[in-house]
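Below is entry.tsv, which holds TSV, C-alpha atoms.
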```tsv
chain	number	residue	atom	x	y	z
J	1	MET	CA	13.83	48.63	-82.45
J	2	THR	CA	10.42	49.51	-83.88
J	3	GLU	CA	10.20	52.46	-81.49
J	4	THR	CA	13.51	53.80	-82.87
J	5	ILE	CA	12.21	53.55	-86.46
J	6	GLY	CA	9.00	55.26	-85.39
J	7	PHE	CA	10.90	58.08	-83.70
J	8	ILE	CA	13.07	58.65	-86.81
J	9	LEU	CA	9.95	58.79	-89.00
J	10	ILE	CA	8.27	61.27	-86.65
J	11	VAL	CA	11.36	63.55	-86.68
J	12	CYS	CA	11.49	63.48	-90.52
J	13	GLY	CA	7.78	64.35	-90.61
J	14	LEU	CA	8.38	67.25	-88.24
J	15	ILE	CA	11.13	68.64	-90.49
J	16	PHE	CA	8.81	68.56	-93.51
J	17	ASP	CA	5.92	70.07	-91.51
J	18	PHE	CA	8.14	72.91	-90.33
J	19	SER	CA	9.42	73.69	-93.84
J	20	GLY	CA	5.85	73.71	-95.17
J	21	CYS	CA	4.75	76.21	-92.53
J	22	LEU	CA	7.85	78.32	-93.18
J	23	GLY	CA	6.83	78.43	-96.84
J	24	LEU	CA	3.34	79.49	-95.77
J	25	VAL	CA	4.89	82.50	-94.05
J	26	ARG	CA	7.67	83.41	-96.50
J	27	LEU	CA	6.32	82.89	-100.04
J	28	PRO	CA	4.63	85.85	-101.77
J	29	ASP	CA	1.15	84.87	-103.03
J	30	VAL	CA	-1.72	82.40	-102.50
J	31	TYR	CA	-0.72	79.90	-105.18
J	32	ASN	CA	2.93	79.62	-104.05
J	33	ARG	CA	1.78	79.23	-100.44
J	34	LEU	CA	-0.56	76.43	-101.51
J	35	GLN	CA	2.32	74.74	-103.36
J	36	SER	CA	4.67	74.58	-100.41
J	37	SER	CA	2.14	73.98	-97.67
J	38	THR	CA	0.11	71.27	-99.41
J	39	LYS	CA	3.07	69.16	-100.48
J	40	CYS	CA	5.18	69.42	-97.35
J	41	VAL	CA	2.44	69.25	-94.73
J	42	THR	CA	0.76	66.28	-96.41
J	43	LEU	CA	3.94	64.21	-96.49
J	44	GLY	CA	4.99	65.38	-93.01
J	45	THR	CA	1.69	64.41	-91.38
J	46	CYS	CA	1.68	61.07	-93.19
J	47	LEU	CA	5.19	60.33	-91.88
J	48	ILE	CA	4.08	61.23	-88.34
J	49	LEU	CA	1.12	58.86	-88.61
J	50	LEU	CA	3.41	56.15	-90.03
J	51	GLY	CA	5.63	56.66	-87.01
J	52	ALA	CA	2.58	56.16	-84.80
J	53	VAL	CA	1.91	52.88	-86.65
J	54	PHE	CA	5.47	51.73	-85.87
J	55	TYR	CA	5.05	52.73	-82.21
J	56	ASN	CA	1.78	50.80	-81.77
J	57	GLY	CA	2.07	47.87	-84.18
J	58	ILE	CA	-0.83	46.62	-86.30
J	59	ASN	CA	-3.80	46.81	-83.94
J	60	ALA	CA	-6.82	49.10	-83.60
J	61	VAL	CA	-4.60	52.20	-83.53
J	62	GLY	CA	-2.38	51.13	-86.44
J	63	ILE	CA	-5.27	50.31	-88.78
J	64	LYS	CA	-6.91	53.66	-88.06
J	65	ALA	CA	-3.60	55.46	-88.68
J	66	ILE	CA	-3.22	53.70	-92.06
J	67	LEU	CA	-6.79	54.68	-93.01
J	68	CYS	CA	-5.99	58.24	-91.98
J	69	ILE	CA	-2.84	58.28	-94.18
J	70	TRP	CA	-4.85	57.05	-97.19
J	71	PHE	CA	-7.54	59.61	-96.51
J	72	ILE	CA	-5.12	62.55	-96.24
J	73	PHE	CA	-3.32	61.53	-99.45
J	74	MET	CA	-6.68	61.49	-101.26
J	75	THR	CA	-8.24	64.69	-99.88
J	76	SER	CA	-5.39	67.16	-99.46
J	77	PRO	CA	-4.67	67.68	-103.21
J	78	THR	CA	-8.40	67.97	-103.85
J	79	ALA	CA	-8.77	70.71	-101.26
J	80	ALA	CA	-5.76	72.56	-102.70
J	81	HIS	CA	-7.24	72.31	-106.19
J	82	ALA	CA	-10.61	73.66	-104.98
J	83	ILE	CA	-9.03	76.57	-103.10
J	84	SER	CA	-6.74	77.59	-105.98
J	85	ARG	CA	-9.57	77.46	-108.54
J	86	ALA	CA	-11.90	79.42	-106.27
J	87	SER	CA	-9.36	82.13	-105.55
J	88	HIS	CA	-8.53	82.48	-109.25
J	89	LYS	CA	-12.21	82.82	-110.13
J	90	ALA	CA	-12.69	85.30	-107.28
J	91	GLY	CA	-10.09	87.48	-109.00
J	92	TYR	CA	-6.93	87.25	-106.89
J	93	LYS	CA	-3.98	88.00	-109.16
J	94	LEU	CA	-0.70	86.10	-109.32
J	95	TRP	CA	2.47	87.55	-107.82
J	96	LYS	CA	3.85	90.47	-109.86
J	97	GLY	CA	7.03	88.59	-110.80
J	98	SER	CA	5.12	85.71	-112.43
J	99	ALA	CA	6.18	84.46	-115.85
J	100	CYS	CA	2.81	83.86	-117.52
J	101	ASP	CA	-0.89	83.27	-116.77
J	102	LYS	CA	-2.52	81.20	-119.52
J	103	TYR	CA	-5.63	80.56	-117.42
J	104	LEU	CA	-6.47	84.27	-117.09
J	105	GLU	CA	-5.98	84.78	-120.86
J	106	ASP	CA	-8.29	81.88	-121.69
J	107	ARG	CA	-10.97	82.95	-119.23
J	108	GLN	CA	-10.97	86.53	-120.52
J	109	GLY	CA	-11.19	85.20	-124.08
J	110	SER	CA	-14.23	83.07	-123.28
J	111	LEU	CA	-15.91	85.98	-121.45
J	112	LYS	CA	-15.45	88.26	-124.49
J	113	LYS	CA	-16.94	85.57	-126.73
J	114	GLU	CA	-20.01	85.36	-124.47
J	115	ASP	CA	-20.48	89.14	-124.55
J	116	SER	CA	-20.32	89.55	-128.34
U	1	MET	CA	8.92	63.62	-77.47
U	2	THR	CA	8.26	66.97	-75.78
U	3	GLY	CA	10.46	68.64	-78.41
U	4	CYS	CA	8.26	67.21	-81.19
U	5	ILE	CA	5.17	68.77	-79.64
U	6	VAL	CA	6.99	72.12	-79.27
U	7	VAL	CA	7.92	72.08	-83.00
U	8	LEU	CA	4.31	71.37	-83.96
U	9	ILE	CA	3.11	74.22	-81.72
U	10	ILE	CA	5.53	76.58	-83.54
U	11	CYS	CA	4.02	75.39	-86.86
U	12	CYS	CA	0.53	76.12	-85.49
U	13	PHE	CA	1.60	79.65	-84.57
U	14	MET	CA	2.93	80.21	-88.12
U	15	CYS	CA	-0.50	79.22	-89.47
U	16	LEU	CA	-2.19	81.49	-86.92
U	17	TYR	CA	0.05	84.36	-88.08
U	18	ARG	CA	-1.17	83.79	-91.63
U	19	ILE	CA	-4.80	83.61	-90.47
U	20	ALA	CA	-4.46	86.85	-88.50
U	21	PHE	CA	-2.42	88.99	-90.93
U	22	GLY	CA	-3.16	87.31	-94.30
U	23	PRO	CA	-3.75	90.05	-96.87
U	24	THR	CA	-6.58	88.23	-98.69
U	25	PRO	CA	-9.37	85.86	-97.55
U	26	SER	CA	-7.99	82.99	-99.63
U	27	ASP	CA	-4.71	83.17	-97.66
U	28	ARG	CA	-6.75	82.66	-94.52
U	29	ILE	CA	-8.55	79.67	-96.05
U	30	VAL	CA	-5.22	78.04	-97.00
U	31	ALA	CA	-3.88	78.55	-93.47
U	32	ASN	CA	-7.07	77.10	-91.98
U	33	ASP	CA	-6.76	73.98	-94.14
U	34	ILE	CA	-3.10	73.49	-93.17
U	35	LEU	CA	-3.90	74.03	-89.47
U	36	GLY	CA	-6.42	71.17	-89.67
U	37	ILE	CA	-3.83	68.76	-91.13
U	38	ILE	CA	-1.24	69.75	-88.49
U	39	ILE	CA	-3.75	68.96	-85.73
U	40	VAL	CA	-4.09	65.48	-87.24
U	41	GLY	CA	-0.31	65.21	-86.77
U	42	PHE	CA	-0.75	66.22	-83.11
U	43	CYS	CA	-3.23	63.38	-82.65
U	44	GLY	CA	-0.70	60.97	-84.22
U	45	ILE	CA	2.02	61.98	-81.74
U	46	PHE	CA	-0.37	61.73	-78.78
U	47	SER	CA	-1.49	58.24	-79.85
U	48	ALA	CA	2.17	57.18	-80.18
U	49	LEU	CA	2.75	58.39	-76.62
U	50	SER	CA	-0.37	56.99	-74.95
U	51	LYS	CA	-1.03	53.88	-77.14
U	52	GLN	CA	-4.81	54.43	-76.98
U	53	ASP	CA	-7.11	54.50	-80.01
U	54	LEU	CA	-9.03	57.49	-78.64
U	55	TYR	CA	-6.70	59.97	-80.34
U	56	MET	CA	-6.87	58.16	-83.69
U	57	ASN	CA	-10.67	58.50	-83.66
U	58	ILE	CA	-10.24	62.23	-83.15
U	59	ALA	CA	-7.69	62.36	-85.99
U	60	LEU	CA	-9.99	60.61	-88.49
U	61	ALA	CA	-12.97	62.83	-87.62
U	62	TRP	CA	-10.81	65.96	-87.72
U	63	ALA	CA	-9.37	65.10	-91.16
U	64	LEU	CA	-12.88	64.57	-92.57
U	65	LEU	CA	-14.31	67.77	-91.09
U	66	SER	CA	-11.29	69.87	-92.10
U	67	PHE	CA	-11.59	68.68	-95.72
U	68	ILE	CA	-15.32	69.40	-95.86
U	69	GLY	CA	-14.78	72.82	-94.26
U	70	SER	CA	-12.12	73.75	-96.83
U	71	ILE	CA	-14.38	72.71	-99.70
U	72	ALA	CA	-17.31	74.70	-98.28
U	73	LEU	CA	-15.17	77.81	-97.74
U	74	SER	CA	-13.74	77.65	-101.27
U	75	LYS	CA	-17.25	77.27	-102.74
U	76	PHE	CA	-18.27	80.31	-100.74
U	77	LEU	CA	-15.27	82.23	-102.08
U	78	GLU	CA	-16.13	81.28	-105.64
U	79	GLY	CA	-19.58	82.83	-105.19
U	80	ARG	CA	-21.63	79.76	-106.05
U	81	THR	CA	-24.45	78.05	-104.19
U	82	TYR	CA	-23.90	74.77	-102.38
U	83	ASP	CA	-26.00	72.84	-104.90
U	84	ASP	CA	-23.65	72.58	-107.86
K	1	MET	CA	-34.08	41.95	-123.14
K	2	GLU	CA	-30.76	40.19	-122.99
K	3	SER	CA	-28.77	43.37	-122.41
K	4	ILE	CA	-31.13	44.54	-119.62
K	5	GLU	CA	-30.75	41.18	-117.85
K	6	LYS	CA	-27.03	41.48	-118.22
K	7	SER	CA	-26.94	45.05	-116.94
K	8	THR	CA	-29.06	44.30	-113.84
K	9	GLY	CA	-26.80	41.38	-112.99
K	10	PHE	CA	-23.78	43.62	-113.41
K	11	LYS	CA	-25.38	46.26	-111.20
K	12	PHE	CA	-26.05	43.67	-108.50
K	13	ARG	CA	-22.43	42.54	-108.58
K	14	VAL	CA	-21.26	46.17	-108.26
K	15	ARG	CA	-23.57	46.65	-105.25
K	16	LEU	CA	-22.23	43.47	-103.65
K	17	PHE	CA	-18.65	44.65	-104.16
K	18	GLU	CA	-19.45	48.02	-102.57
K	19	PHE	CA	-21.20	46.31	-99.65
K	20	LEU	CA	-18.15	44.10	-98.98
K	21	LEU	CA	-15.85	47.14	-99.18
K	22	MET	CA	-17.96	49.09	-96.69
K	23	PHE	CA	-18.16	46.10	-94.33
K	24	LEU	CA	-14.38	45.65	-94.49
K	25	ILE	CA	-13.88	49.33	-93.58
K	26	TRP	CA	-16.33	48.90	-90.68
K	27	LEU	CA	-14.37	45.88	-89.43
K	28	ALA	CA	-11.10	47.79	-89.67
K	29	LEU	CA	-12.52	50.76	-87.79
K	30	THR	CA	-14.11	48.81	-84.91
K	31	TRP	CA	-11.47	46.01	-84.75
K	32	THR	CA	-13.64	43.62	-82.69
K	33	ILE	CA	-15.47	40.41	-83.66
K	34	ASP	CA	-18.47	40.77	-81.38
K	35	PRO	CA	-21.86	39.50	-82.72
K	36	LEU	CA	-23.65	42.74	-81.92
K	37	THR	CA	-20.94	44.81	-83.68
K	38	LEU	CA	-21.13	42.56	-86.74
K	39	ILE	CA	-24.94	42.91	-86.96
K	40	VAL	CA	-24.74	46.69	-86.66
K	41	GLY	CA	-22.00	46.71	-89.30
K	42	VAL	CA	-24.14	44.73	-91.77
K	43	ILE	CA	-27.06	47.13	-91.25
K	44	VAL	CA	-24.88	50.23	-91.64
K	45	ALA	CA	-23.06	48.93	-94.74
K	46	ALA	CA	-26.37	47.94	-96.37
K	47	GLY	CA	-27.81	51.38	-95.61
K	48	VAL	CA	-24.79	53.16	-97.07
K	49	VAL	CA	-24.91	51.10	-100.28
K	50	LEU	CA	-28.69	51.53	-100.57
K	51	PHE	CA	-28.71	55.30	-100.24
K	52	LEU	CA	-25.31	56.46	-101.53
K	53	SER	CA	-24.34	53.91	-104.22
K	54	ASP	CA	-24.78	56.51	-106.99
K	55	LEU	CA	-21.68	58.29	-105.72
K	56	PHE	CA	-19.33	55.35	-106.42
K	57	PRO	CA	-17.62	55.25	-109.82
K	58	PRO	CA	-19.66	52.53	-111.61
K	59	ASN	CA	-16.90	50.91	-113.67
K	60	MET	CA	-14.57	50.49	-110.70
K	61	VAL	CA	-15.11	46.71	-110.57
K	62	LEU	CA	-13.76	46.31	-114.10
K	63	LEU	CA	-10.39	47.68	-112.99
K	64	PHE	CA	-9.44	44.69	-110.84
K	65	THR	CA	-7.54	42.60	-113.39
K	66	PRO	CA	-4.01	41.25	-112.75
K	67	ARG	CA	-2.35	43.36	-115.46
K	68	ARG	CA	-3.81	46.62	-114.12
K	69	LEU	CA	-2.90	45.69	-110.55
K	70	PHE	CA	0.68	45.00	-111.67
K	71	TRP	CA	0.94	48.47	-113.21
K	72	LEU	CA	-0.61	49.94	-110.05
K	73	LEU	CA	2.18	48.27	-108.05
K	74	VAL	CA	4.70	49.84	-110.44
K	75	TYR	CA	2.99	53.22	-110.14
K	76	ILE	CA	2.90	53.51	-106.34
K	77	PRO	CA	6.71	53.41	-105.66
K	78	TYR	CA	7.38	55.78	-108.56
K	79	PHE	CA	4.73	58.15	-107.17
K	80	LEU	CA	6.25	58.02	-103.67
K	81	TYR	CA	9.71	58.72	-105.14
K	82	CYS	CA	8.27	61.78	-106.94
K	83	VAL	CA	6.61	62.96	-103.70
K	84	PHE	CA	9.92	62.80	-101.82
K	85	LYS	CA	11.69	64.66	-104.64
K	86	ALA	CA	8.98	67.33	-104.53
K	87	ASN	CA	9.40	67.81	-100.80
K	88	LEU	CA	13.18	68.19	-101.03
K	89	ASP	CA	12.66	70.70	-103.86
K	90	VAL	CA	10.26	72.77	-101.74
K	91	LEU	CA	12.64	72.51	-98.77
K	92	TYR	CA	15.46	73.97	-100.93
K	93	ARG	CA	13.31	76.80	-102.27
K	94	VAL	CA	11.92	77.79	-98.87
K	95	LEU	CA	15.21	77.70	-96.95
K	96	HIS	CA	17.19	79.56	-99.65
K	97	PRO	CA	17.52	83.21	-98.55
K	98	ASP	CA	16.73	84.64	-102.04
K	99	LEU	CA	13.55	82.55	-102.68
K	100	PRO	CA	14.48	81.19	-106.17
K	101	ILE	CA	10.97	81.03	-107.65
K	102	ASN	CA	9.62	81.88	-111.09
K	103	PRO	CA	5.88	81.10	-110.92
K	104	GLY	CA	3.22	81.08	-113.61
K	105	ILE	CA	0.15	79.18	-114.88
K	106	VAL	CA	0.70	77.00	-117.97
K	107	LYS	CA	-1.69	74.90	-120.04
K	108	VAL	CA	-1.05	71.23	-120.84
K	109	ARG	CA	-2.89	68.59	-122.83
K	110	THR	CA	-3.68	65.07	-121.63
K	111	ALA	CA	-4.67	62.02	-123.68
K	112	LEU	CA	-6.59	60.34	-120.83
K	113	THR	CA	-10.36	60.19	-121.28
K	114	THR	CA	-12.07	58.74	-118.21
K	115	ASP	CA	-12.87	60.91	-115.20
K	116	LEU	CA	-11.19	58.56	-112.70
K	117	ALA	CA	-7.91	58.62	-114.64
K	118	LYS	CA	-8.04	62.41	-114.90
K	119	THR	CA	-8.63	62.69	-111.16
K	120	PHE	CA	-5.61	60.50	-110.43
K	121	LEU	CA	-3.50	62.50	-112.88
K	122	ALA	CA	-4.52	65.83	-111.31
K	123	ASN	CA	-3.83	64.61	-107.78
K	124	SER	CA	-0.46	63.16	-108.83
K	125	ILE	CA	0.51	66.44	-110.49
K	126	THR	CA	-0.43	68.35	-107.35
K	127	LEU	CA	1.82	66.23	-105.14
K	128	THR	CA	4.88	66.22	-107.43
K	129	PRO	CA	7.66	68.79	-107.85
K	130	GLY	CA	6.57	72.38	-108.19
K	131	THR	CA	3.20	71.87	-109.88
K	132	LEU	CA	-0.39	72.43	-108.73
K	133	THR	CA	-3.53	71.71	-110.78
K	134	VAL	CA	-5.78	74.77	-110.94
K	135	ASP	CA	-8.54	73.64	-113.34
K	136	ILE	CA	-9.52	70.91	-115.79
K	137	GLU	CA	-11.45	71.71	-118.96
K	138	GLY	CA	-11.96	68.78	-121.33
K	139	GLU	CA	-8.52	67.54	-122.38
K	140	TYR	CA	-6.67	70.63	-121.12
K	141	LEU	CA	-5.26	71.08	-117.62
K	142	TYR	CA	-4.22	74.46	-116.19
K	143	ILE	CA	-1.21	74.03	-113.93
K	144	HIS	CA	0.46	76.48	-111.58
K	145	TRP	CA	4.19	75.89	-111.87
K	146	ILE	CA	6.60	77.31	-109.31
K	147	ASN	CA	9.56	77.37	-111.75
K	148	VAL	CA	8.34	77.81	-115.33
K	149	LEU	CA	10.65	76.08	-117.83
K	150	ALA	CA	8.40	76.08	-120.92
K	151	LYS	CA	5.48	78.39	-121.65
K	152	ASP	CA	3.94	76.64	-124.68
K	153	ILE	CA	1.55	73.66	-124.51
K	154	GLU	CA	3.83	71.01	-126.05
K	155	GLY	CA	6.93	71.73	-123.99
K	156	ALA	CA	5.01	71.85	-120.71
K	157	THR	CA	3.15	68.64	-121.61
K	158	ILE	CA	6.42	66.79	-122.19
K	159	ILE	CA	7.90	67.92	-118.87
K	160	ILE	CA	4.87	67.62	-116.55
K	161	VAL	CA	2.34	65.09	-117.87
K	162	ASN	CA	4.15	62.44	-119.86
K	163	LYS	CA	5.93	60.71	-117.00
K	164	PHE	CA	2.62	59.81	-115.31
K	165	GLU	CA	0.43	59.44	-118.35
K	166	ASN	CA	2.16	56.38	-119.74
K	167	ILE	CA	1.62	54.37	-116.54
K	168	LEU	CA	-1.88	55.74	-115.80
K	169	ARG	CA	-3.07	54.84	-119.31
K	170	ARG	CA	-2.03	51.25	-118.68
K	171	ILE	CA	-3.91	51.20	-115.36
K	172	PHE	CA	-7.20	52.84	-116.28
K	173	GLU	CA	-7.75	52.37	-120.05
```
Would you mind writing the file's structure down as structure tokens?
Amino acid sequence: MTETIGFILIVCGLIFDFSGCLGLVRLPDVYNRLQSSTKCVTLGTCLILLGAVFYNGINAVGIKAILCIWFIFMTSPTAAHAISRASHKAGYKLWKGSACDKYLEDRQGSLKKEDS
Amino acid sequence: MTGCIVVLIICCFMCLYRIAFGPTPSDRIVANDILGIIIVGFCGIFSALSKQDLYMNIALAWALLSFIGSIALSKFLEGRTYDD
Amino acid sequence: MESIEKSTGFKFRVRLFEFLLMFLIWLALTWTIDPLTLIVGVIVAAGVVLFLSDLFPPNMVLLFTPRRLFWLLVYIPYFLYCVFKANLDVLYRVLHPDLPINPGIVKVRTALTTDLAKTFLANSITLTPGTLTVDIEGEYLYIHWINVLAKDIEGATIIIVNKFENILRRIFE
């Protein structure tokens, strides 16, 4: 019974992982790729690890898998935030069909204020 | 279970495509980060198959190192030193 | 003198709490009750607290009251529901042949003040539908939105921030 639940969780995680990687290939610029890949791959990997917990039960493996889930949920958004901020400061533009870029306007405004 | 591993290998090849042909360096950094998390998923499936805690140790260490690597690469991209 | 006495006692209690947390993580990672393992664990946890205790958020002990824990228990299922909704949203956008996206970076305002609350808010925004935190400056957050519905500060604040802010304010402030 628990193995069946674990297998279903692992298959759901694989679907999310696959869609995240498909977004990494299909979407047009860095920020959109970060959107799809961070969200989907984080949840997909956490579901796979949860499936491993159901396969093994609560023992040495299960506790480590739960710690790993907690750790990925904490660190993955932080890494995405760091990468997006760094690539914006390094000057990579948004996709040409973007609606607005308030961050670029504000940064250029502050740079002009420093110069004058 | 073999099918699950095949799907994850296809995901890894998508990330490798983005690392190889990504137009900008930050695309490559994103793909590197995602590749690290997918390898943690690999370790989860292997531990579910073999029921040994060896693979979970690898997964924990890999998640830590992948996170620190992404942070270091993004700091490098931003053009700052490692101090601040 | 009174306040210094009080603050050193408080600091000692914070150190003790961190030591117990580290020792619990050591026990979970090794998963054996062997005397040698326990002694090594005590030494390692004491070393970590001695050298790295400046990195812990200092007012974390104050957060463990029943009311805050109750709101945390309300927050976690709502957060997981939002994460699932976000994933189905991304699944739809990626598998659609025309790629229905309309991206842009908008600016929102938050009323939260402490750093820990802002960190939780930024991480929650990153994992929920179509939004990704790019930078935080004071009370303003810059957010990359995959489907821009409102370009001004007030409209974006109502759509993105308000649903989390009400619960997070009850937890952290």
Output as a PDB file with C-alpha atoms, keeping the file's coordinate frame the set of chain J residues within 6 Å of chain U, with distances taken over all atoms listed in the file.
```
ATOM      1  CA  PHE J  18       8.140  72.910 -90.330  1.00  0.00           C
ATOM      2  CA  CYS J  21       4.750  76.210 -92.530  1.00  0.00           C
ATOM      3  CA  VAL J  30      -1.720  82.400-102.500  1.00  0.00           C
ATOM      4  CA  THR J  45       1.690  64.410 -91.380  1.00  0.00           C
ATOM      5  CA  LEU J  49       1.120  58.860 -88.610  1.00  0.00           C
ATOM      6  CA  ALA J  52       2.580  56.160 -84.800  1.00  0.00           C
ATOM      7  CA  TYR J  55       5.050  52.730 -82.210  1.00  0.00           C
ATOM      8  CA  VAL J  61      -4.600  52.200 -83.530  1.00  0.00           C
ATOM      9  CA  CYS J  68      -5.990  58.240 -91.980  1.00  0.00           C
ATOM     10  CA  ILE J  83      -9.030  76.570-103.100  1.00  0.00           C
ATOM     11  CA  ALA J  86     -11.900  79.420-106.270  1.00  0.00           C
ATOM     12  CA  ALA J  90     -12.690  85.300-107.280  1.00  0.00           C
TER      13      ALA J  90
END
```
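Taking all atoms listed in the file into account, the polymer residues that have an atom no farther than 7 Å from (-1.6, 56.4, -90.3) are Cys46, Leu49, Leu50, Ala52, Val53, Gly62, Lys64, Ala65, Ile66, Leu67, Cys68 and Ile69 of chain J.
Among the candidates K:Leu38, K:Leu80, K:Leu50, K:Val106, the one nearest to K:Leu132 when counting only C-alpha atoms is K:Val106.
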Computed interatomic separation between atom CA of K:Ile153 and atom CA of J:Gln35 (Å): 21.2 Å
Counting all atoms listed in the file, collect the residues of chain J whose closest atom lies at most 8 Å from chain K, and write them out as a ChimeraX atom specification. /J:16,19-20,22-23,26-27,31-32,35-36,38-40,43,59-60,63-64,74,77-78,81-82,84-85,94-95,97-103
Residues proximal to (-2.0, 45.5, -119.4) were defined as those with any atom within 6 Å of that point in the file's coordinates, counting only C-alpha atoms. Which are they, as a list in words? Arg67, Arg68 and Arg170 of chain K
For K:Ala117, which residue out of K:Ile171, K:Ile33, K:Ile159, K:Cys82 is the nearest one, using only C-alpha atoms? K:Ile171
